[in-house]
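Dumped my_file_32.tsv below, it's TSV, C-alpha atoms:
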chain	number	residue	atom	x	y	z
A	65	MET	CA	-17.02	-11.87	-12.68
A	66	VAL	CA	-15.80	-9.98	-15.76
A	67	SER	CA	-12.50	-8.15	-15.32
A	68	LYS	CA	-12.32	-4.53	-16.43
A	69	ILE	CA	-9.23	-3.38	-18.35
A	70	LEU	CA	-8.23	0.28	-18.75
A	71	ILE	CA	-6.44	0.86	-22.08
A	72	VAL	CA	-4.24	3.97	-22.02
A	73	ASP	CA	-2.64	4.90	-25.36
A	74	ASP	CA	-2.63	8.07	-27.43
A	75	GLU	CA	-2.75	6.11	-30.72
A	76	GLN	CA	-6.33	5.36	-31.78
A	77	PRO	CA	-5.44	2.27	-33.89
A	78	ILE	CA	-3.73	0.64	-30.89
A	79	ARG	CA	-6.65	1.43	-28.58
A	80	THR	CA	-9.05	-0.03	-31.16
A	81	LEU	CA	-6.94	-3.18	-31.61
A	82	LEU	CA	-6.64	-3.79	-27.87
A	83	ASP	CA	-10.30	-2.95	-27.25
A	84	TYR	CA	-11.50	-5.44	-29.88
A	85	ASN	CA	-9.29	-8.32	-28.79
A	86	LEU	CA	-9.93	-7.87	-25.06
A	87	LYS	CA	-13.68	-7.82	-25.64
A	88	GLN	CA	-13.37	-10.96	-27.77
A	89	SER	CA	-11.74	-12.59	-24.72
A	90	ASN	CA	-14.66	-11.54	-22.50
A	91	PHE	CA	-13.02	-8.57	-20.79
A	92	GLU	CA	-14.76	-5.27	-20.19
A	93	THR	CA	-12.77	-2.24	-21.40
A	94	VAL	CA	-12.50	1.48	-20.76
A	95	MET	CA	-10.07	3.81	-22.50
A	96	ALA	CA	-7.95	6.93	-22.02
A	97	SER	CA	-5.77	8.80	-24.51
A	98	ASP	CA	-3.51	10.75	-22.13
A	99	GLY	CA	-2.04	10.47	-18.65
A	100	GLU	CA	-4.37	12.87	-16.87
A	101	GLN	CA	-7.43	11.13	-18.29
A	102	ALA	CA	-5.94	7.78	-17.24
A	103	ILE	CA	-5.81	8.80	-13.58
A	104	LEU	CA	-9.41	10.05	-13.71
A	105	GLN	CA	-10.52	6.77	-15.30
A	106	VAL	CA	-8.75	4.76	-12.60
A	107	GLU	CA	-10.55	6.73	-9.90
A	108	ASP	CA	-13.96	6.59	-11.63
A	109	GLU	CA	-13.95	3.11	-13.20
A	110	LYS	CA	-11.85	1.11	-10.69
A	111	PRO	CA	-10.31	-1.15	-13.38
A	112	ASP	CA	-8.84	-4.54	-12.50
A	113	LEU	CA	-5.77	-3.94	-14.69
A	114	ILE	CA	-4.21	-1.07	-16.66
A	115	LEU	CA	-2.50	-1.33	-20.05
A	116	LEU	CA	-0.38	1.82	-19.88
A	117	ASP	CA	1.58	3.28	-22.78
A	118	LEU	CA	4.92	4.79	-21.78
A	119	MET	CA	4.82	7.81	-24.11
A	120	LEU	CA	1.66	9.82	-23.44
A	121	PRO	CA	0.57	13.47	-23.68
A	122	LYS	CA	0.19	15.59	-20.51
A	123	MET	CA	1.63	12.90	-18.20
A	124	ASP	CA	3.78	10.03	-19.45
A	125	GLY	CA	3.36	6.46	-18.28
A	126	ILE	CA	6.10	6.77	-15.66
A	127	GLU	CA	4.37	9.79	-14.10
A	128	VAL	CA	1.00	8.04	-14.15
A	129	CYS	CA	2.42	4.91	-12.51
A	130	LYS	CA	4.21	6.98	-9.88
A	131	ALA	CA	1.08	9.03	-9.15
A	132	LEU	CA	-1.08	5.93	-8.71
A	133	ARG	CA	1.39	4.14	-6.47
A	134	SER	CA	1.88	7.28	-4.35
A	135	ARG	CA	-1.88	7.19	-3.68
A	136	ASN	CA	-1.65	3.52	-2.66
A	137	ILE	CA	-3.60	2.47	-5.76
A	138	ASN	CA	-2.11	-0.95	-6.43
A	139	THR	CA	-4.06	-1.87	-9.57
A	140	PRO	CA	-1.82	-4.13	-11.71
A	141	ILE	CA	-0.10	-2.23	-14.53
A	142	ILE	CA	1.33	-3.61	-17.77
A	143	MET	CA	3.58	-0.98	-19.34
A	144	LEU	CA	3.54	-0.70	-23.14
A	145	THR	CA	6.90	0.41	-24.50
A	146	ALA	CA	8.56	0.92	-27.86
A	147	LYS	CA	11.93	-0.56	-28.76
A	148	GLY	CA	14.71	1.74	-27.59
A	149	GLU	CA	12.90	2.79	-24.40
A	150	GLU	CA	14.85	0.34	-22.22
A	151	PRO	CA	15.84	2.74	-19.38
A	152	ASP	CA	12.27	4.00	-19.01
A	153	LYS	CA	10.95	0.44	-19.09
A	154	VAL	CA	13.19	-0.57	-16.18
A	155	LEU	CA	12.25	2.61	-14.30
A	156	GLY	CA	8.57	1.75	-14.76
A	157	LEU	CA	9.14	-1.66	-13.21
A	158	GLU	CA	11.12	-0.11	-10.37
A	159	ILE	CA	8.28	2.22	-9.36
A	160	GLY	CA	5.60	-0.43	-9.38
A	161	ALA	CA	4.58	-1.61	-12.85
A	162	ASP	CA	3.90	-5.36	-12.85
A	163	ASP	CA	4.93	-6.23	-16.38
A	164	TYR	CA	5.93	-4.70	-19.70
A	165	MET	CA	5.37	-5.41	-23.36
A	166	THR	CA	7.38	-4.08	-26.28
A	167	LYS	CA	5.60	-2.76	-29.38
A	168	PRO	CA	4.76	-4.16	-31.84
A	169	PHE	CA	3.00	-6.99	-30.02
A	170	SER	CA	0.48	-9.60	-31.05
A	171	PRO	CA	-3.06	-9.48	-29.62
A	172	ARG	CA	-2.61	-13.08	-28.52
A	173	GLU	CA	0.42	-12.15	-26.42
A	174	VAL	CA	-1.45	-9.23	-24.86
A	175	ILE	CA	-4.30	-11.48	-23.75
A	176	ALA	CA	-1.86	-14.03	-22.32
A	177	ARG	CA	-0.01	-11.36	-20.35
A	178	VAL	CA	-3.23	-9.79	-19.07
A	179	LYS	CA	-4.49	-13.17	-17.84
A	180	ALA	CA	-1.13	-13.97	-16.19
A	181	VAL	CA	-0.95	-10.66	-14.33
A	182	LEU	CA	-4.61	-10.87	-13.24
A	183	ARG	CA	-4.06	-14.41	-12.02
A	184	ARG	CA	-1.06	-13.28	-10.00
A	185	SER	CA	-3.03	-10.35	-8.61
A	186	ASN	CA	-5.93	-12.57	-7.60
A	187	GLU	CA	-3.56	-14.97	-5.88
A	188	ARG	CA	-2.14	-12.05	-3.94
A	189	ILE	CA	-5.61	-10.85	-2.94
A	190	GLY	CA	-6.59	-14.39	-1.99
A	191	ILE	CA	-3.53	-14.60	0.32
A	192	GLU	CA	-2.31	-18.11	0.80
A	193	GLU	CA	-2.25	-19.71	4.22
A	194	ILE	CA	1.46	-19.17	4.68
A	195	GLU	CA	0.96	-15.46	4.08
A	196	ASP	CA	-1.52	-15.26	6.95
A	197	GLN	CA	1.39	-15.78	9.30
A	198	VAL	CA	3.57	-12.99	10.63
A	199	LEU	CA	7.04	-13.31	9.10
A	200	LYS	CA	9.96	-12.45	11.39
A	201	SER	CA	13.72	-12.40	11.18
A	202	GLY	CA	15.66	-10.56	13.87
A	203	SER	CA	14.30	-7.01	14.10
A	204	LEU	CA	12.46	-7.33	10.78
A	205	THR	CA	8.72	-8.12	10.92
A	206	VAL	CA	6.37	-8.49	7.94
A	207	HIS	CA	2.57	-8.71	8.10
A	208	PRO	CA	1.66	-9.93	4.58
A	209	GLU	CA	-2.08	-9.60	4.96
A	210	GLN	CA	-1.87	-6.06	6.32
A	211	TYR	CA	0.87	-5.10	3.83
A	212	GLU	CA	3.05	-3.82	6.67
A	213	VAL	CA	6.79	-4.05	7.34
A	214	TYR	CA	8.58	-2.99	10.51
A	215	LEU	CA	12.27	-2.72	11.30
A	216	GLY	CA	12.17	-2.64	15.06
A	217	GLU	CA	9.45	-0.06	15.77
A	218	GLU	CA	9.93	1.78	12.47
A	219	ALA	CA	7.32	1.25	9.73
A	220	LEU	CA	8.87	0.93	6.27
A	221	GLU	CA	7.38	1.81	2.88
A	222	PHE	CA	7.72	-0.46	-0.15
A	223	THR	CA	6.47	-0.57	-3.72
A	224	PRO	CA	4.18	-3.55	-4.45
A	225	LYS	CA	6.95	-5.52	-6.15
A	226	GLU	CA	9.49	-4.76	-3.42
A	227	PHE	CA	6.98	-6.02	-0.85
A	228	GLU	CA	6.26	-9.21	-2.81
A	229	LEU	CA	9.98	-9.87	-3.21
A	230	LEU	CA	10.62	-9.38	0.51
A	231	VAL	CA	7.74	-11.70	1.43
A	232	TYR	CA	9.04	-14.36	-0.96
A	233	PHE	CA	12.55	-14.08	0.49
A	234	MET	CA	11.20	-14.44	4.03
A	235	GLN	CA	9.05	-17.42	3.08
A	236	ASN	CA	12.21	-19.07	1.74
A	237	LYS	CA	14.76	-18.21	4.44
A	238	ASN	CA	18.22	-19.75	4.15
A	239	ARG	CA	17.49	-21.03	0.62
A	240	VAL	CA	19.67	-19.99	-2.30
A	241	LEU	CA	17.36	-18.52	-4.94
A	242	THR	CA	18.44	-17.88	-8.50
A	243	ARG	CA	17.48	-14.68	-10.27
A	244	ASP	CA	15.36	-16.70	-12.68
A	245	GLN	CA	13.51	-18.30	-9.74
A	246	LEU	CA	12.80	-14.86	-8.31
A	247	LEU	CA	11.58	-13.57	-11.68
A	248	SER	CA	9.24	-16.51	-12.04
A	249	ALA	CA	7.91	-16.35	-8.48
A	250	VAL	CA	7.51	-12.59	-8.06
A	251	TRP	CA	7.02	-11.32	-11.60
A	252	ASN	CA	5.29	-14.50	-12.75
A	253	TYR	CA	6.91	-14.78	-16.15
A	254	ASP	CA	10.23	-15.01	-17.94
A	255	PHE	CA	11.81	-11.62	-18.58
A	256	ALA	CA	13.82	-13.14	-21.44
A	257	GLY	CA	16.99	-13.24	-19.37
A	258	ASP	CA	16.66	-9.63	-18.21
A	259	THR	CA	17.52	-10.29	-14.57
A	260	ARG	CA	18.70	-6.74	-13.86
A	261	ILE	CA	15.29	-5.89	-12.48
A	262	VAL	CA	15.85	-8.42	-9.68
A	263	ASP	CA	19.20	-6.82	-8.82
A	264	VAL	CA	17.61	-3.36	-8.79
A	265	HIS	CA	14.83	-4.48	-6.43
A	266	VAL	CA	17.27	-6.29	-4.14
A	267	SER	CA	19.33	-3.09	-3.99
A	268	HIS	CA	16.21	-1.14	-2.98
A	269	LEU	CA	15.34	-3.71	-0.30
A	270	ARG	CA	18.83	-3.50	1.14
A	271	GLU	CA	18.64	0.29	1.32
A	272	LYS	CA	15.53	-0.06	3.48
A	273	ILE	CA	16.28	-3.04	5.72
A	274	GLU	CA	20.06	-3.27	5.98
A	275	GLU	CA	22.10	-1.18	8.42
A	276	ASN	CA	25.09	-1.36	6.06
A	277	THR	CA	24.30	-2.14	2.41
A	278	ARG	CA	27.96	-3.00	1.77
A	279	LYS	CA	27.77	-5.70	4.45
A	280	PRO	CA	24.17	-6.98	4.33
A	281	VAL	CA	23.04	-9.38	7.03
A	282	PHE	CA	19.59	-10.23	5.66
A	283	ILE	CA	19.96	-10.56	1.87
A	284	LYS	CA	23.28	-12.13	0.92
A	285	THR	CA	24.59	-12.34	-2.63
A	286	VAL	CA	25.55	-15.84	-3.75
A	287	ARG	CA	28.06	-15.05	-6.45
A	288	GLY	CA	27.20	-16.44	-9.86
A	289	ILE	CA	23.85	-17.80	-8.68
A	290	GLY	CA	21.53	-15.34	-6.99
A	291	TYR	CA	20.58	-14.43	-3.41
A	292	LYS	CA	19.86	-15.94	-0.01
A	293	PHE	CA	17.81	-14.43	2.82
A	294	GLU	CA	19.56	-15.44	6.03
A	295	GLU	CA	17.52	-16.03	9.19
A	296	GLN	CA	18.48	-13.65	12.01
A	297	LYS	CA	17.97	-14.38	15.70
A	298	SER	CA	15.59	-12.10	17.54
A	299	LYS	CA	17.32	-9.75	19.93
Take the structure in the file and give it back as C-alpha cells.
Amino acid sequence: MVSKILIVDDEQPIRTLLDYNLKQSNFETVMASDGEQAILQVEDEKPDLILLDLMLPKMDGIEVCKALRSRNINTPIIMLTAKGEEPDKVLGLEIGADDYMTKPFSPREVIARVKAVLRRSNERIGIEEIEDQVLKSGSLTVHPEQYEVYLGEEALEFTPKEFELLVYFMQNKNRVLTRDQLLSAVWNYDFAGDTRIVDVHVSHLREKIEENTRKPVFIKTVRGIGYKFEEQKSK
C-alpha cells in the first residue's frame, strides 16, 4: 500500500523539491501552503504522515500541530524548522510532533526520516504482543491498545509521545534507562545529543501521575544516567 504524505510549506521551491523526491521514492503526495489549508487537507485526504513547516501563514506549524492533536488526530508529524528556531522546535515536540528536521536538508535525509517515522507508526498500530497486556503499577493502569491511562478511577490525557514514553517505562519497570535509550526507543532516532526533550516529557508525565513531583514514586531520576520506573504495589 502506498503511503500518502502531506507537504505543508509556504515556499513553492521546497514543496516542489519534496514532492519530486517523495514521488521518486514511491510515495503519494498532497500539498498545502498555509496552516488552515493543512488542516483541511488532513481531514479530506487522511495522509499517513505530515511534513509540517514551522513558519506558515494564517496558522503556524505549532498551532496546526496543537489543533490536530486536540482533535485526537494522531497522524505522524515531522516538523520542518529553520536554524535559530530552537525553542519552537522543542515546543512542537512537546505538543505531539514526532520528529523535526532543520533546513536546509537533503532530499535523501527527508526520505530516510519519513520511512523511519512511518515504520515506527506502523509498529505502534500493529501493537506488539506485550502491548496487548494491561500494564499496572500501584494505582496506575495503562491499556496500550485502547490508548487509555487511569490513576485510580481518574482517566488521564496524554500527548502521543507522552503515552509512548509511559508505556515504554512500564514495560521496563525497575530498569535504569539512559536518556539516549529513551530517545532511541520512543523517538526512534538519535536527536544528536539533544536529550532535553526526554527531560521535558518526563516532567510532563510526573505532573500527571505523581502526587508530589518533588518526591516522585513512579519515575525516579538516576543522577548522571537517566530514569527508572519503580514498580509500586497495588493498594
So, with only C-alpha atoms as the atoms that count, which of A:Ala180, A:Leu86, A:Ile283, A:Leu144 lies closest to Pro168 of chain A?
A:Leu144
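Across A:His207, A:Lys200, A:Arg260, A:Lys87, the tightest approach to Phe282 of chain A is made by A:Lys200 when counting all atoms listed in the file.
We find atom CA of Ala146 of chain A and atom CA of Ile69 of chain A to be spaced 20.6 Å apart.
For the set A:Thr223, A:Ala102, A:Arg172, A:Lys179, the residue with the smallest atom-to-atom gap to Ser134 of chain A is A:Thr223, counting only C-alpha atoms.
You can rank A:Glu226, A:Phe293, A:Gly216, A:Asp124 by their closest distance to Glu100 of chain A using all atoms listed in the file, and at the top of that list sits A:Asp124.
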Would you place a box with edges along x, y and z of the file around all atoms of segment 103-118 of chain A listed there, add 6 Å to each of its six sides, and report the centre and edge lengths in Å to one decimal, as JSON?
{"center_x": -4.5, "center_y": 2.8, "center_z": -16.3, "size_x": 30.9, "size_y": 26.6, "size_z": 24.9}
Gly156 of chain A: which residues within 10 Å, counting all atoms listed in the file, same-chain residues fewer than 5 positions away excluded, as a count of residues only?
17
For Val264 of chain A, find every residue with an atom within 12 Å (counting all atoms listed in the file), except residues of its own chain fewer than 3 positions away, and show them as an NGL selection string.
:A and (154-159 or 225-226 or 229 or 243 or 258-261 or 267-271)
Generate a file of the selected residues that holds C-alpha atoms, formatted as a PDB file, in the coordinates of the input.
ATOM      1  CA  VAL A 154      13.190  -0.570 -16.180  1.00  0.00           C
ATOM      2  CA  LEU A 155      12.250   2.610 -14.300  1.00  0.00           C
ATOM      3  CA  GLY A 156       8.570   1.750 -14.760  1.00  0.00           C
ATOM      4  CA  LEU A 157       9.140  -1.660 -13.210  1.00  0.00           C
ATOM      5  CA  GLU A 158      11.120  -0.110 -10.370  1.00  0.00           C
ATOM      6  CA  ILE A 159       8.280   2.220  -9.360  1.00  0.00           C
ATOM      7  CA  LYS A 225       6.950  -5.520  -6.150  1.00  0.00           C
ATOM      8  CA  GLU A 226       9.490  -4.760  -3.420  1.00  0.00           C
ATOM      9  CA  LEU A 229       9.980  -9.870  -3.210  1.00  0.00           C
ATOM     10  CA  ARG A 243      17.480 -14.680 -10.270  1.00  0.00           C
ATOM     11  CA  ASP A 258      16.660  -9.630 -18.210  1.00  0.00           C
ATOM     12  CA  THR A 259      17.520 -10.290 -14.570  1.00  0.00           C
ATOM     13  CA  ARG A 260      18.700  -6.740 -13.860  1.00  0.00           C
ATOM     14  CA  ILE A 261      15.290  -5.890 -12.480  1.00  0.00           C
ATOM     15  CA  SER A 267      19.330  -3.090  -3.990  1.00  0.00           C
ATOM     16  CA  HIS A 268      16.210  -1.140  -2.980  1.00  0.00           C
ATOM     17  CA  LEU A 269      15.340  -3.710  -0.300  1.00  0.00           C
ATOM     18  CA  ARG A 270      18.830  -3.500   1.140  1.00  0.00           C
ATOM     19  CA  GLU A 271      18.640   0.290   1.320  1.00  0.00           C
TER      20      GLU A 271
END
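Checking A:Lys297, A:Leu204, A:Ser248, A:Pro224 one by one against His265 of chain A, counting only C-alpha atoms, you find the shortest gap at A:Pro224.
Shortest separation to Val286 of chain A among A:Thr242, A:Val266, A:Gly202, A:Trp251 occurs at residue A:Thr242, atoms counted being only C-alpha atoms.
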What is the atom CA of Glu221 of chain A to atom CA of Leu115 of chain A distance in Å?
25.2 Å
Around the point (13.7, -8.0, 15.9) in the file's coordinates, collect all residues with an atom within 12 Å, using all atoms listed in the file, and return them as an MDAnalysis selection string.
chainID A and resid 199:206 213:218 273 295:299
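Interatomic distance, atom CA of Gln101 of chain A against atom CA of Tyr84 of chain A: 20.6 Å.
Applying the 9 Å criterion to (-1.9, 8.1, -29.1) in file coordinates and using all atoms listed in the file, one obtains the residues A:Val72, A:Asp73, A:Asp74, A:Glu75, A:Gln76, A:Pro77, A:Ile78, A:Arg79, A:Ser97, A:Asp98, A:Asp117, A:Met119, A:Leu120, A:Pro121.
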Output file request: segment 79-140 of chain A, with C-alpha atoms, as a CSV table (one decimal), in the first residue's frame.
chain,number,residue,atom,x,y,z
A,79,ARG,CA,7.2,22.0,-1.9
A,80,THR,CA,8.4,21.1,-5.4
A,81,LEU,CA,11.6,19.6,-4.1
A,82,LEU,CA,9.9,17.4,-1.5
A,83,ASP,CA,7.1,16.5,-3.9
A,84,TYR,CA,9.5,15.3,-6.6
A,85,ASN,CA,11.7,13.3,-4.2
A,86,LEU,CA,8.9,11.6,-2.4
A,87,LYS,CA,7.2,10.6,-5.6
A,88,GLN,CA,10.6,9.2,-6.8
A,89,SER,CA,10.5,7.0,-3.6
A,90,ASN,CA,7.0,5.8,-4.4
A,91,PHE,CA,5.1,7.9,-2.0
A,92,GLU,CA,1.8,9.7,-2.9
A,93,THR,CA,1.8,13.4,-2.1
A,94,VAL,CA,-0.7,16.2,-1.4
A,95,MET,CA,0.3,19.8,-0.6
A,96,ALA,CA,-0.8,22.8,1.4
A,97,SER,CA,0.7,26.3,1.5
A,98,ASP,CA,-0.7,27.6,4.8
A,99,GLY,CA,-1.9,26.2,8.2
A,100,GLU,CA,-5.6,26.5,7.6
A,101,GLN,CA,-5.3,24.6,4.3
A,102,ALA,CA,-3.2,22.0,6.0
A,103,ILE,CA,-5.9,21.1,8.5
A,104,LEU,CA,-8.5,20.9,5.7
A,105,GLN,CA,-6.1,18.6,3.7
A,106,VAL,CA,-5.7,16.3,6.8
A,107,GLU,CA,-9.4,16.0,7.1
A,108,ASP,CA,-10.1,15.4,3.4
A,109,GLU,CA,-7.0,13.4,2.3
A,110,LYS,CA,-6.3,11.4,5.5
A,111,PRO,CA,-2.5,11.4,4.9
A,112,ASP,CA,-0.2,8.8,6.6
A,113,LEU,CA,2.4,11.4,7.5
A,114,ILE,CA,2.7,15.2,7.6
A,115,LEU,CA,5.8,17.3,6.7
A,116,LEU,CA,4.9,20.5,8.5
A,117,ASP,CA,6.8,23.8,8.2
A,118,LEU,CA,7.1,25.7,11.4
A,119,MET,CA,6.6,29.2,9.9
A,120,LEU,CA,3.4,29.3,8.0
A,121,PRO,CA,0.8,32.0,7.0
A,122,LYS,CA,-2.6,32.0,8.8
A,123,MET,CA,-1.7,29.3,11.3
A,124,ASP,CA,1.9,28.4,12.1
A,125,GLY,CA,3.1,24.8,12.5
A,126,ILE,CA,2.7,24.9,16.3
A,127,GLU,CA,-0.9,25.9,16.0
A,128,VAL,CA,-1.6,23.3,13.3
A,129,CYS,CA,0.0,20.5,15.4
A,130,LYS,CA,-1.9,21.6,18.5
A,131,ALA,CA,-5.2,21.8,16.6
A,132,LEU,CA,-4.7,18.3,15.2
A,133,ARG,CA,-3.7,16.7,18.5
A,134,SER,CA,-6.7,18.4,20.3
A,135,ARG,CA,-9.0,16.6,17.8
A,136,ASN,CA,-7.3,13.3,18.5
A,137,ILE,CA,-5.8,13.2,15.0
A,138,ASN,CA,-2.6,11.3,15.7
A,139,THR,CA,-1.1,11.3,12.2
A,140,PRO,CA,2.7,11.3,12.5
